[in-house]
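Undergrad: I'd like to ask you about the structure that follows.
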Amino acid sequence: MAYALQQLINGLTLGAMYGLIAIGYTMVYGIIGMINFAHGDIFMVSAFIAVTAFTILAAADVTSIPLALTFVLIVSIFFTSAYGWAVERTAYRPLRGSTRLAPLISAIGMSIFLQNAVQLTQGARVKPIPPVLEGGVVLWDAPGFTVQIGWSQMLIIVTTVVLMLAFTWMITQTPFGRQQRACEQDRTMASLLGVNVDRTISFTFMLGAALAAVAGVMVTVYYGVVDFFIGFLAGIKAFTAAVLGGIGSLPGAMLGGLLIGLIESFWAAYLWAEYKDVATFGILCLVLMLRPSGLLGRPEVEKV
Amino acid sequence: DLPVAIAGPMTGQYASAGDQIRKGAEMAIADINARGGVLGEKLKLEVGDDACDPKQAVSVANTMVNKGIVFMHGHWCSSSTIPASEVYVEADIPMATVSTNPQVTERGLKNIFRIMGRDDQQGLVAGSYIADSFKGKKVAVVDDKSAYGKGLADEMAKAMEGKGLKPTLREAITAGEKDYSGLVTKLKQAGVEVMAYGGYHTEVALILRQAQAAGLQLTVMGGDTMTNSELVTAAGPAADNVMFTFSPDPRKNPDAAPVVEKFRAAKVEPEGYVLYAYAAMQLFEQAATAAKSTKYADLEKAMRGGTFKTVIGDLAFDAKGDQKAPGFVVYRWQGGKYDYAK
Amino acid sequence: MLKMEGVHAHYGHIHALRGIDVEVQVGEIVTLIGANGAGKSTLMMSLFGNPKASAGRIVFDGEDITRVHTHEIARRGIALVPEGRRIFPRMTVIENLQMGTAHADPANYAADIARVFAMFPILEERQSQRAGTLSGGEQQMLAIGRALMSRPKLLLLDEPSLGLAPIYIRKIFQIVKELNRDHGMTILLVEQNANQALRVAHRGYVLQHGEITLSGSGSELLASPEVRAAYLEGGHA
Amino acid sequence: MSKTPTSTLLSVRNLTMRFGGLTAIDDLSLEVPAGRITGIIGPNGAGKTTLFNCLTGFYKPTTGTLRLAHPSHGEMRLEALPSHRVARDAQVVRTFQNIRLFPKMTVLENLIVAQHNVLQRASKFSIAGLFSLPGYRQAEKNAIERAAMWLERLKLTHLADHAAGDLPYGIQRRIEIARALCVDPVLLCLDEPAAGLNPRESAELNELLLYLCGELGIAILLIEHDMSVVMNVSDHIGVISYGRKIAEGTPEQVKNDPQVIKAYLGEDEEEGEAAA
Amino acid sequence: MSAVVFARHAMTPAERLRDAGWVAFVGLILGIPLVGLTTVDVGGRLGVETRFGLLVAAVAAVFAGRLLLRWSIDQARNRKLARDQASTATAADRAHGAQKVVTVLGWVALGASIALPIFYSDNRYVVDTATTVLIYVMLGWGLNVVVGLAGLLDLGYVAFYAVGAYSYALLSTQFGWSFWEALPVSGALAATFGILLGYPILRLRGDYLAIVTLGFGEIIRIILVNWTEFSGGPNGISSIPRPSFFGLEFTRSAPEGSQTFAGFFGLDFSPMHRLIFLYYLILVLALLTHAFVSRLRKLPVGRAWEALREDEIACKAMGMNTTNIKLSAFAIGAMLGGFAGVFFAARQGFISPESFVFTESAIILAIVVLGGMGSQMGVVLAATLLVLIPEFGRNFAEYRMLLFGLAMVLIMVWKPGGLLAHREPTLRLNPLGKAASNKEAA
Ligand SMILES: Nc1ncnc2c1ncn2[C@@H]1O[C@H](COP(=O)(O)OP(=O)(O)OP(=O)(O)O)[C@@H](O)[C@H]1O
Ligand SMILES: Nc1ncnc2c1ncn2[C@@H]1O[C@H](COP(=O)(O)OP(=O)(O)OP(=O)(O)O)[C@@H](O)[C@H]1O
Ligand SMILES: CC(C)C[C@H](N)C(=O)O
Ligand SMILES: [Mg+2]
Ligand SMILES: [Mg+2]
């Protein structure tokens with residue numbers, strides 16, 4: 001029981017992490033209508049930026065944790081957004097209006113490029129930082145097993161939920177969100193209505209990158225170790241989460257992330273850890289067979 | 001010029017190992033050339049990047065054959081070494097490798113010389129050590145599903161069972177992930193205190209960090225990959241709980257002292273595979289000098305027959321090409337350095 | 001208000017407009033007629049710089065807009081009901097209408113939406129339905145409503161009656177006249193139903209293979225034998 | 001135009017189609033005679049296209065039956081068939097209100113694809129096709145001839161090798177009809193075929209429809225808002241409003257039905273004041 | 001009717017400088033965290049190191065590069081514009097011209113690939129790299145059926161490649177099957193997997209399909225990794241027999257009762273013989289694939305695939321069974337992938353799950369898209385590029401993959417429709433060149 005509870009906490013944290021990255025995915029999807037394969041690598045870049053920022057702070061003897069976190073978040077969001085902007089500008093904008101697969105391929109190219117650029121400039125070695133947010137609360141001191149939840153775990157879960165709500169509100173309720181969706185559905189028409197398509201798309205990419213930056217900082221805080229390869233697996237898992245929840249739906253992305261986190265954690269806890277990814281993808285297939293547009297995705301009814 | 005080559009993961013996930021090999025080989029070549037080269041010719045180093053991908057490894061092998069190399073040090077990943085060696089053997093190129101999978105030398109190829117021990121040997125050493133030192137404790141055997149990791153973990157488990165210690169858990173993880181809290185929780189639940197691990201150091205660092213956060217005291221026993229000092233940087237003080245098997249520390253080899261100094265002066269810590277790469281080049285130098293030729297047949301004969309004094313100690317090979325006295329030793333990290341475990 | 005001088009436009013290698021001279025005065029209704037593929041829709045789109053004129057000049061309200069970005073042209077007060085409707089299928093009806101106000105004064109919103117709903121009551125009934133599931137005619141109404149939401153100075157209508165029931169076609173032409181008369185809106189109209197279009201228009205142009213071949217007042221064109229032969233015969237409009 | 005009475009080809013009985021709370025078709029019954037042109041008119045959003053969608057298997061009706069008296073296969077229940085079988089087995093073929101061609105393929109290819117089932121059968125799981133056996137070659141030749149015939153008939157021959165998507169709207173409409181004809185329909189359902197055509201082209205369309213029905217005996221179900229088309233070619237017209245049939249009869253009868261005028265045609269028949 | 005066309009607005013030098021300045025500024029921002037700063041390990045902890053010199057140099061390089069790039073792009077555009085204006089070619093002529101170029105290119109490529117081993121008969125590397133190119137060409141052609149023609153986004157194509165490779169490896173090592181016996185069986189097995197995957201996910205569209213196929217690819221790989229008894233697990237399968245030349249082995253000495261290739265033809269033994277044989281083998285397989293796919297494209301199935309890509313709903317309205325059409329695309333694509341896998345296993349002699357990772361799928365997909373979806377020659381071009389770029393990159397050591405990624409982006413941006421985007425109709429009413437003269441004939 002205590003064991004299950006602890007695994008639940010593990011699964012929720014992991015799921016929130018996936019969800020956070022998946023929200024960025026889905027948001028960018030909502031505007032270019034194409035999976036941005038480089039998102040995972042933007043996330044990786046942000047984690048490196050966070051590590052550098054933390055290291056600078058450590059060198060400057062900053063000890064206040066809230067202060068440090070705020071500083072790192074701001075720095076990371078700033079630079080990572082710049083990366084998001086630049087990636088869109090160079091690898092996607094020139095491809096507007098060509099086949100849907102063209103940006104997918106340049107995204108894959110971009111992903112390879114970013115990975116290697118970071119490896120070259122920052123080195124192939126893993127980058128650790130000392131634990132930032134240590135400790136937590138003991139939830140249950142069961143005999144022989146204490147269930148605890150770390151501060152950083154709480155931070156991740158809360159951040160994900162808050163950001164999910166905020167961005168959902170933005171996309172569904174504000175004129176800017178409406179313009180974003182319009183850009184995805186018909187860019188020409190949007191511009192005929194006076195929407196600055198380029199700016200809207202650029203800004204969305206920056207927001208997506210900012211979300212990745214938050215995720216990058218969280219990863220750095222929680223796991224304390226980053227390397228140039230973390231974008232890949234995280235990207236694929238988050239992509240899966242986004243699809244499971246229904247691409248384009250932010251609550252869906254979070255739900256998908258949580259679900260995958262829980263499946264992974266419980267499958268590994270009670271069944272065969274080595275087949276946990278098979279379980280994840282298997283459940284994904286099952287869900288999609290029953291609901292072809294994901295859990296919270298709106299079914300695509302095409303009127304003929 | 002005499003072209004000789006190294007090959008390994010210069011890019012990709014394991015690029016830090018490739019880096020070590022390159023640094024070691026570069027220094028060796030510089031030193032050899034400073035001594036006047038081999039048989040009067042200067043050595044020229046070719047570097048091949050296989051990213052630990054078997055297909056690329058074959059491609060690298062072919063490039064190297066074309067460049068007319070006379071000696072290869074590599075590859076690093078067993079899964080690359082195995083297919084690449086088939087190319088080298090056809091092209092009559094001798095190779096020295098640090099790949100530890102038994103298959104590397106079990107296929108009857110004549111051109112392979114392993115300057116490192118085998119996974120079955122190090123698994124035996126590690127497993128027996130666990131069985132002897134942690135009697136009555138609960139031990140989990142975990143691997144990362146890589147050819148190397150799984151092979152090593154299997155051997156450790158076998159050795160432990162041979163000595164009557166049955167692993168409490170047998171688990172596998174996916175390398176490259178970041179979250180091992182699930183595994184940690186499972187270990188904690190099962191009351192495991194010792195983890196025998198087959199895989200790379202990066203995962204061990206994460207597992208240790210997360211174990212510490214979860215309040216689990218874990219001792220880890222790993223293999224040759226744990227020599228990487230990244231482990232210490234990444235795991236912090238928890239690295240002191242890591243033990244591993246490796247050939248006797250070449251840095252302790254008194255003969256190696258000047259070379260070690262040189263590396264340190266050049267800001268390179270001669271850990272892991274650095275000195276092995278250096279030694280591989282020495283092996284070639286000495287074999288060629290002894291054979292007075294760089295022809296395959298002569299080199300092969302010289303290597304198989306001779307004993308070579310290198311920075312990693314004396315090298316001699318058996319019929320399969322395995323090092324005769326690999327002698328694995330158990331180490332333990334302590335305050336950022338590793339040393340023989342008591 | 002609008003002046004096109006020697007405008008050329010291309011789609012890749014297809015030369016769709018070949019030196020168009022068109023002028024629209026403030027407060028006029030001008031109609032364009034021409035066969036399928038003559039370039040009517042292209043002409044309207046090229047006003048927005050989509051495709052950009054490859055030669056010539058387009059002046060709107062005294063300003064050269066030939067090289068101005070599409071969205072900025074729209075913000076100067078030109079609205080288009082495009083060929084093929086181009087509603088946003090995955091947005092609701094009301095959101096589609098709101099898209100029409102991207103650069104309009106929010107103060108007018110309530111009044112504008114009320115006006116559109118009064119014109120097309122069915123849209124009010126369907127306001128939270130996804131636009132993609134509307135019937136063809138409903139979508140057409142939505143496209144027209146959306147264009148009106150921004151209170152444009154110049155309204156471009158590309159076959160607005162397409163897919164509408166006769167009763168609505170009547171209404172459209174009536175609306176066109178009303179907007180022109182009561183709100184002084186300038187209107188450029190493309191219609192297959194040349195008869196009716198020429199009737200409401202002050203002036204008209206005939207477009208053939210990307211060139212203007214004839215122009216004149218609505219009644220002149222209606223009477224012109226060439227126009228009758230090419231575009232009016234056969235129909236009982 | 002006095003025609004001898006013919007048998008019923010399609011009979012729609014108590015058809016209802018709901019989308020969530022919205023009832024698009026409400027207990028509609030309708031008979032479509034063989035070899036005749038039946039017009040369907042009604043205000044926007046009346047449910048005309050939805051009727052086509054139910055007929056051709058794109059929507060599953062909430063309730064109701066669609067019986068087709070197929071001249072060679074006997075009675076078929078269309079509501080039970082998936083859309084491809086409606087076209088293939090029942091030979092009920094439609095066009096779309098929003099043109100749906102295969103835009104990157106040429107006009108000729110569009111028409112050949114429409115003959116997929118015949119050709120596929122002749123290609124014997126592609127084996128005969130792969131080796132270009134005579135049986136397949138003949139089938140392919142026939143298919144091209146048939147396509148060419150319709151292209152000629154619809155004055156599209158000179159455009160045969162153009163990508164369909166790049167052509168003007170009016171021409172795409174004609175291609176869509178030609179493509180539907182290549183499927184060899186027993187019942188042809190046209191959804192606003194005259195939309196986007198100018199009066200002259202509409203007149204040509206009328207001729208074509210009369211030819212199809214008169215000479216080839218294809219029954220046509222025609223949705224159209226262009227009165228110059230419906231009123232001139234239809235033998236019989238059904239009027240739908242809010243999913244219900246509000247009137248039915250010959251063009252004359254329908255034209256003068258006060259309910260139809262009120263809901264659909266509009267009050268005054270005069271042409272409106274001339275522009276100032 | 002004069003076709004006066006604007007000269008493109010020429011940039012003034014000041015504008016060029018401003019443009020380059022802006023790009024350099026962005027470069028500076030991007031460069032600060034990655035180039036300007038780096039963390040290094042100092043005594044078991046990280047410390048920050050600055051590299052502002054490098055950063056300044058990088059920014060300067062960006063500035064200069066941008067100036068140069070902008071300038072050369074403008075030049076190229078103006079030249080193209082001038083050319084377009086000068087030419088009076090009609091669209092049909094142009095299509096004809098493009099078609100001709102592709103045809104000529106095809107023959108040249110064929111000639112070159114047949115002649116290659118003759119000119120490089122002692123260059124292992126060239127022959128082997130060419131073999132790799134051909135494997136990718138074949139994979140590209142296979143995936144082209146699924147993605148390029150049928151428009152189904154498949155991110156897990158490598159699964160079929162793996163099925164083919166493992167089937168051959170197991171059939172040959174466990175049951176002693178020869179290459180030629182195993183080839184059709186493995187292909188059929190891969191096709192079966194294609195149908196197995198295809199069936200449950202027929203309703204899915206676009207990106208949903210993409211993720212499920214990606215997942216399928218991963219599932220296959222994970223099973224191969226974990227099911228050690230069956231697949232050898234992470235160790236893979238080694239010592240896979242090489243195909244023989246009609247029973248003649250490519251070895252130095254043959255076992256009792258059989259002959260070696262070299263012995264039979266009275267040649268000196270050379271390992272190159274086998275390499276060249278393998279090369280021709282894959283060339284033949286690839287050509288067969290090409291003939292097969294090209295022919296299929298002109299058959300009802302092929303046209304149905306393309307129609308399906310264009311508009312599924314219209315397909316249904318034409319009476320086409322879209323389920324079967326999709327399945328046939330999956331099955332045939334999978335079968336071709338399976339054949340490529342068999343060859344891969346036979347050539348490599350060693351396979352392990354590491355060869356069948358997602359990146360591989362991504363590269364095959366990139367070949368199809370970069371080539372120009374649906375274009376057979378495009379696949380050849382793209383496969384050649386994507387294999388050769390990293391090979392040439394070997395000279396740049398650690399910059400290799402960086403350049404590879406960059407090249408992928410640049411090619412895509414340069415040719416958004418793919419290298420050969422022209423689509424040749426599967427049949428014409430009025431054959432090109434003859435124009436409308438034979439209108440009556442039809
Ligand atoms: N997106 C496009 N790509 C290529 N050619 C196009 C495109 N749009 C239009 N054309 C071509 O440009 C020419 C003019 O087309 P346009 O749509 O402007 O004609 P139109 O007068 O509006 O015709 P319609 O009455 O059918 O609407 C036609 O020959 C058409 O084939
Ligand atoms: N998939 C759907 N979901 C929700 N509502 C729908 C759907 N399809 C149609 N409707 C609604 O059903 C009604 C009937 O639509 P339909 O397309 O049949 O009208 P129509 O008679 O063809 O009109 P028009 O003449 O404008 O084409 C419309 O009000 C439409 O909004
Ligand atoms: C540790 C390294 C030498 C790699 C590992 N031993 C292997 O053979 O794959
Ligand atoms: Mg038009
Ligand atoms: Mg309709």
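Ligands are numbered from 1 in the order shown, residues from 1 within each chain, and chains are lettered A, B, ... in the order they appear in the structure tokens.
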Counting only C-alpha atoms and all ligand atoms, what residues are within 6 Å of ligand 4, given as a list in words?
TA: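 Checked against 6 Å with only C-alpha atoms and all ligand atoms; the hits are Lys40, Ser41 and Glu83 of chain C.
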Undergrad: Please write the residues from the selection above to a file, keeping all heavy atoms, as a PDB file, in the first residue's frame.
TA:
```pdb
ATOM      1  N   LYS C  40     -10.751  36.736 -62.214  1.00  0.00           N
ATOM      2  CA  LYS C  40     -11.505  37.613 -61.318  1.00  0.00           C
ATOM      3  C   LYS C  40     -11.051  37.427 -59.869  1.00  0.00           C
ATOM      4  O   LYS C  40     -10.756  38.399 -59.173  1.00  0.00           O
ATOM      5  CB  LYS C  40     -13.009  37.316 -61.431  1.00  0.00           C
ATOM      6  CG  LYS C  40     -13.538  37.376 -62.857  1.00  0.00           C
ATOM      7  CD  LYS C  40     -15.020  37.059 -62.946  1.00  0.00           C
ATOM      8  CE  LYS C  40     -15.391  35.645 -62.526  1.00  0.00           C
ATOM      9  NZ  LYS C  40     -14.951  34.592 -63.447  1.00  0.00           N
ATOM     10  N   SER C  41     -11.021  36.180 -59.460  1.00  0.00           N
ATOM     11  CA  SER C  41     -10.614  35.929 -58.078  1.00  0.00           C
ATOM     12  C   SER C  41      -9.165  36.341 -57.864  1.00  0.00           C
ATOM     13  O   SER C  41      -8.804  36.880 -56.817  1.00  0.00           O
ATOM     14  CB  SER C  41     -10.754  34.450 -57.742  1.00  0.00           C
ATOM     15  OG  SER C  41     -12.047  34.017 -58.033  1.00  0.00           O
ATOM     16  N   GLU C  83     -13.396  33.500 -52.510  1.00  0.00           N
ATOM     17  CA  GLU C  83     -13.900  32.354 -53.247  1.00  0.00           C
ATOM     18  C   GLU C  83     -13.689  31.124 -52.362  1.00  0.00           C
ATOM     19  O   GLU C  83     -12.653  30.947 -51.740  1.00  0.00           O
ATOM     20  CB  GLU C  83     -13.072  32.207 -54.517  1.00  0.00           C
ATOM     21  CG  GLU C  83     -13.467  31.039 -55.367  1.00  0.00           C
ATOM     22  CD  GLU C  83     -12.819  31.150 -56.739  1.00  0.00           C
ATOM     23  OE1 GLU C  83     -11.630  31.468 -56.820  1.00  0.00           O
ATOM     24  OE2 GLU C  83     -13.529  30.935 -57.736  1.00  0.00           O
TER      25      GLU C  83
END
```
Undergrad: Compute the set of chain C residues within 8 Å of chain A, using only C-alpha atoms, and express it as a list of chain:residue names.
TA: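 Using only C-alpha atoms, chain C residues at most 8 Å from chain A: C:Phe48, C:Thr70, C:His71, C:Glu72, C:Ile73, C:Ala74, C:Arg75, C:Ala79, C:Leu80, C:Arg86, C:Ile87, C:Phe88, C:Pro89, C:Arg90, C:Glu95, C:Met99, C:Gly100, C:Thr101, C:Ala102, C:His103, C:Gly132, C:Thr133, C:Leu134.
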Undergrad: Out of segment 86-181 of chain C, which residues get helix (DSSP H, G or I) from DSSP, as a VMD selection string?
TA: chain C and resid 93 to 99 106 to 119 121 to 125 131 to 133 136 to 148 166 to 181
Undergrad: Throw together the list of residues within 7 Å of ligand 5, counting only C-alpha atoms and all ligand atoms, and drop it here as a list in words.
TA: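 These are the residues that qualify: Ser135, Gly136 and Gly137 of chain C; Gly45, Lys48, Thr49, Gln97 and Asp191 of chain D.
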Undergrad: Taking only C-alpha atoms and all ligand atoms into account, which residues are within 8 Å of ligand 1, as a VMD selection string?
TA: (chain C and resid 10 to 12 14 to 17 33 to 43 83 158 to 159 192 207 209 to 210) or (chain D and resid 165 to 171 196 to 198)
Undergrad: Each residue of chain B lying at most 9 Å from ligand 3 should get a row with its shortest atom-to-atom pair and the distance in Å to one decimal, counting only C-alpha atoms and all ligand atoms; could you produce that, ordered by chain and increasing number, as a tab-separated table?
TA:
```
residue	atom	partner	partner_atom_place_in_ligand_line	distance
B:Ala17	CA	ligand 3	2 (C)	8.1
B:Cys52	CA	ligand 3	9 (O)	8.6
B:His75	CA	ligand 3	3 (C)	8.4
B:Trp76	CA	ligand 3	3 (C)	5.0
B:Cys77	CA	ligand 3	9 (O)	3.5
B:Ser78	CA	ligand 3	8 (O)	3.8
B:Ser79	CA	ligand 3	9 (O)	6.3
B:Ser80	CA	ligand 3	9 (O)	8.0
B:Thr81	CA	ligand 3	8 (O)	7.9
B:Thr97	CA	ligand 3	3 (C)	8.0
B:Val98	CA	ligand 3	3 (C)	4.9
B:Ser99	CA	ligand 3	8 (O)	3.4
B:Thr100	CA	ligand 3	8 (O)	4.1
B:Asn101	CA	ligand 3	8 (O)	5.0
B:Pro102	CA	ligand 3	8 (O)	8.7
B:Val104	CA	ligand 3	8 (O)	8.3
B:Met116	CA	ligand 3	3 (C)	8.1
B:Arg118	CA	ligand 3	6 (N)	8.2
B:Asp119	CA	ligand 3	6 (N)	7.4
B:Ser146	CA	ligand 3	9 (O)	8.0
B:Ala147	CA	ligand 3	9 (O)	6.5
B:Tyr148	CA	ligand 3	9 (O)	4.6
B:Gly149	CA	ligand 3	5 (C)	7.7
B:Leu152	CA	ligand 3	6 (N)	8.8
B:Gly199	CA	ligand 3	1 (C)	8.3
B:Tyr200	CA	ligand 3	1 (C)	7.6
B:Gly223	CA	ligand 3	1 (C)	7.7
B:Asp224	CA	ligand 3	1 (C)	5.6
B:Thr225	CA	ligand 3	1 (C)	4.8
B:Met226	CA	ligand 3	1 (C)	8.6
B:Gly272	CA	ligand 3	1 (C)	9.0
B:Tyr273	CA	ligand 3	3 (C)	7.9
```
Undergrad: Could you write out that same residue set with N, CA and C atoms as a CSV table (one decimal), in the first residue's frame?
TA:
```
chain,number,residue,atom,x,y,z
B,17,ALA,N,33.4,8.8,-24.0
B,17,ALA,CA,34.4,7.7,-24.1
B,17,ALA,C,35.3,7.9,-25.3
B,52,CYS,N,28.7,4.4,-31.9
B,52,CYS,CA,28.2,3.1,-31.3
B,52,CYS,C,27.1,2.6,-32.2
B,75,HIS,N,36.8,-1.1,-32.0
B,75,HIS,CA,36.0,0.1,-31.6
B,75,HIS,C,35.7,0.0,-30.1
B,76,TRP,N,34.9,0.8,-29.7
B,76,TRP,CA,34.7,0.8,-28.2
B,76,TRP,C,33.5,-0.1,-27.8
B,77,CYS,N,32.3,0.2,-28.4
B,77,CYS,CA,31.2,-0.6,-28.1
B,77,CYS,C,31.4,-2.0,-28.8
B,78,SER,N,31.1,-3.0,-28.0
B,78,SER,CA,31.2,-4.4,-28.5
B,78,SER,C,30.4,-4.5,-29.8
B,79,SER,N,29.2,-3.9,-29.8
B,79,SER,CA,28.3,-4.1,-30.9
B,79,SER,C,28.8,-3.5,-32.2
B,80,SER,N,29.8,-2.6,-32.0
B,80,SER,CA,30.4,-2.0,-33.2
B,80,SER,C,31.7,-2.8,-33.5
B,81,THR,N,32.4,-3.2,-32.5
B,81,THR,CA,33.6,-4.0,-32.7
B,81,THR,C,33.3,-5.2,-33.5
B,97,THR,N,41.4,-3.9,-29.1
B,97,THR,CA,40.2,-3.3,-28.6
B,97,THR,C,40.0,-3.3,-27.1
B,98,VAL,N,39.1,-2.5,-26.6
B,98,VAL,CA,38.8,-2.5,-25.2
B,98,VAL,C,37.4,-3.1,-25.0
B,99,SER,N,36.7,-3.5,-26.1
B,99,SER,CA,35.4,-4.1,-26.0
B,99,SER,C,35.5,-5.3,-25.1
B,100,THR,N,34.5,-5.5,-24.3
B,100,THR,CA,34.6,-6.5,-23.3
B,100,THR,C,33.7,-7.7,-23.5
B,101,ASN,N,32.8,-7.6,-24.5
B,101,ASN,CA,31.9,-8.7,-24.7
B,101,ASN,C,32.6,-10.0,-25.1
B,102,PRO,N,32.3,-11.1,-24.5
B,102,PRO,CA,33.1,-12.4,-24.9
B,102,PRO,C,33.1,-12.6,-26.4
B,104,VAL,N,33.5,-10.9,-28.8
B,104,VAL,CA,34.5,-10.2,-29.6
B,104,VAL,C,35.6,-11.2,-30.0
B,116,MET,N,41.8,-5.5,-22.8
B,116,MET,CA,41.0,-5.4,-21.6
B,116,MET,C,40.5,-6.7,-21.2
B,118,ARG,N,37.4,-9.6,-20.1
B,118,ARG,CA,36.2,-9.9,-20.7
B,118,ARG,C,35.1,-9.7,-19.6
B,119,ASP,N,33.9,-9.6,-20.2
B,119,ASP,CA,32.7,-9.4,-19.2
B,119,ASP,C,32.5,-10.6,-18.3
B,146,SER,N,21.8,-3.0,-22.6
B,146,SER,CA,22.7,-2.9,-23.7
B,146,SER,C,23.5,-4.2,-23.7
B,147,ALA,N,24.1,-4.4,-24.8
B,147,ALA,CA,24.8,-5.7,-25.0
B,147,ALA,C,25.8,-5.9,-23.9
B,148,TYR,N,26.5,-4.8,-23.6
B,148,TYR,CA,27.5,-4.8,-22.5
B,148,TYR,C,26.9,-5.0,-21.2
B,149,GLY,N,25.9,-4.1,-20.9
B,149,GLY,CA,25.3,-4.1,-19.6
B,149,GLY,C,24.7,-5.4,-19.2
B,152,LEU,N,27.2,-8.3,-18.7
B,152,LEU,CA,28.0,-8.1,-17.4
B,152,LEU,C,27.0,-8.5,-16.3
B,199,GLY,N,26.0,-1.6,-16.9
B,199,GLY,CA,25.6,-0.5,-17.7
B,199,GLY,C,26.6,0.6,-17.6
B,200,TYR,N,26.2,1.8,-17.9
B,200,TYR,CA,27.1,2.9,-18.0
B,200,TYR,C,26.9,3.8,-16.7
B,223,GLY,N,30.8,-2.2,-13.6
B,223,GLY,CA,31.9,-2.7,-14.4
B,223,GLY,C,32.9,-1.6,-14.8
B,224,ASP,N,33.6,-1.8,-15.9
B,224,ASP,CA,34.6,-1.0,-16.3
B,224,ASP,C,34.2,0.5,-16.6
B,225,THR,N,32.9,0.6,-17.0
B,225,THR,CA,32.5,2.0,-17.4
B,225,THR,C,32.4,2.9,-16.2
B,226,MET,N,32.5,2.4,-15.0
B,226,MET,CA,32.4,3.3,-13.8
B,226,MET,C,33.7,4.0,-13.5
B,272,GLY,N,39.9,6.1,-17.2
B,272,GLY,CA,39.1,5.3,-18.1
B,272,GLY,C,40.0,4.7,-19.3
B,273,TYR,N,39.7,5.1,-20.5
B,273,TYR,CA,40.3,4.5,-21.6
B,273,TYR,C,41.5,5.3,-22.2
```
Undergrad: With distances taken over only C-alpha atoms, which residue among D:Phe131, D:Tyr264, D:Tyr136, D:Tyr211 lies nearest chain C?
TA: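 That would be D:Tyr264, the residue with the smallest distance to chain C.
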Undergrad: Taking only residues of chain C that have an atom at most 9 Å from an atom of chain E, what is each one's shortest atom pair and its distance in Å to one decimal, using only C-alpha atoms, in chain and number order, as JSON lines?
TA:
```
{"residue": "C:His8", "atom": "CA", "partner": "E:Ala3", "partner_atom": "CA", "distance": 7.8}
{"residue": "C:His13", "atom": "CA", "partner": "E:Ala91", "partner_atom": "CA", "distance": 6.9}
{"residue": "C:Ile14", "atom": "CA", "partner": "E:Ala91", "partner_atom": "CA", "distance": 7.7}
{"residue": "C:His15", "atom": "CA", "partner": "E:Ala3", "partner_atom": "CA", "distance": 8.8}
{"residue": "C:Arg18", "atom": "CA", "partner": "E:Met1", "partner_atom": "CA", "distance": 6.9}
{"residue": "C:Gly19", "atom": "CA", "partner": "E:Met1", "partner_atom": "CA", "distance": 7.7}
{"residue": "C:Ala53", "atom": "CA", "partner": "E:Phe6", "partner_atom": "CA", "distance": 8.8}
{"residue": "C:Ser54", "atom": "CA", "partner": "E:Val5", "partner_atom": "CA", "distance": 5.5}
{"residue": "C:Ala55", "atom": "CA", "partner": "E:Val5", "partner_atom": "CA", "distance": 4.9}
{"residue": "C:Gly56", "atom": "CA", "partner": "E:Phe6", "partner_atom": "CA", "distance": 8.0}
```
Undergrad: Produce as number ranges by chain the set of residues near ligand 2, where near means within 9 Å with only C-alpha atoms and all ligand atoms considered.
TA: A: 301-304; C: 122, 126, 129-140, 163-165; D: 17-25, 41-53, 59, 97, 191-192, 223-225, 240-243
Undergrad: Near chain A, meaning an atom within 8 Å, which residues of chain E appear when counting only C-alpha atoms? Write them as a ChimeraX atom specification.
TA: /E:26,29-30,33-35,37-39,45-48,200-201,203-205,207-208,211-212,215-216,218-219,222-223,226,313,362,365-366,369-370,398-399,401-410,412-413,416-417
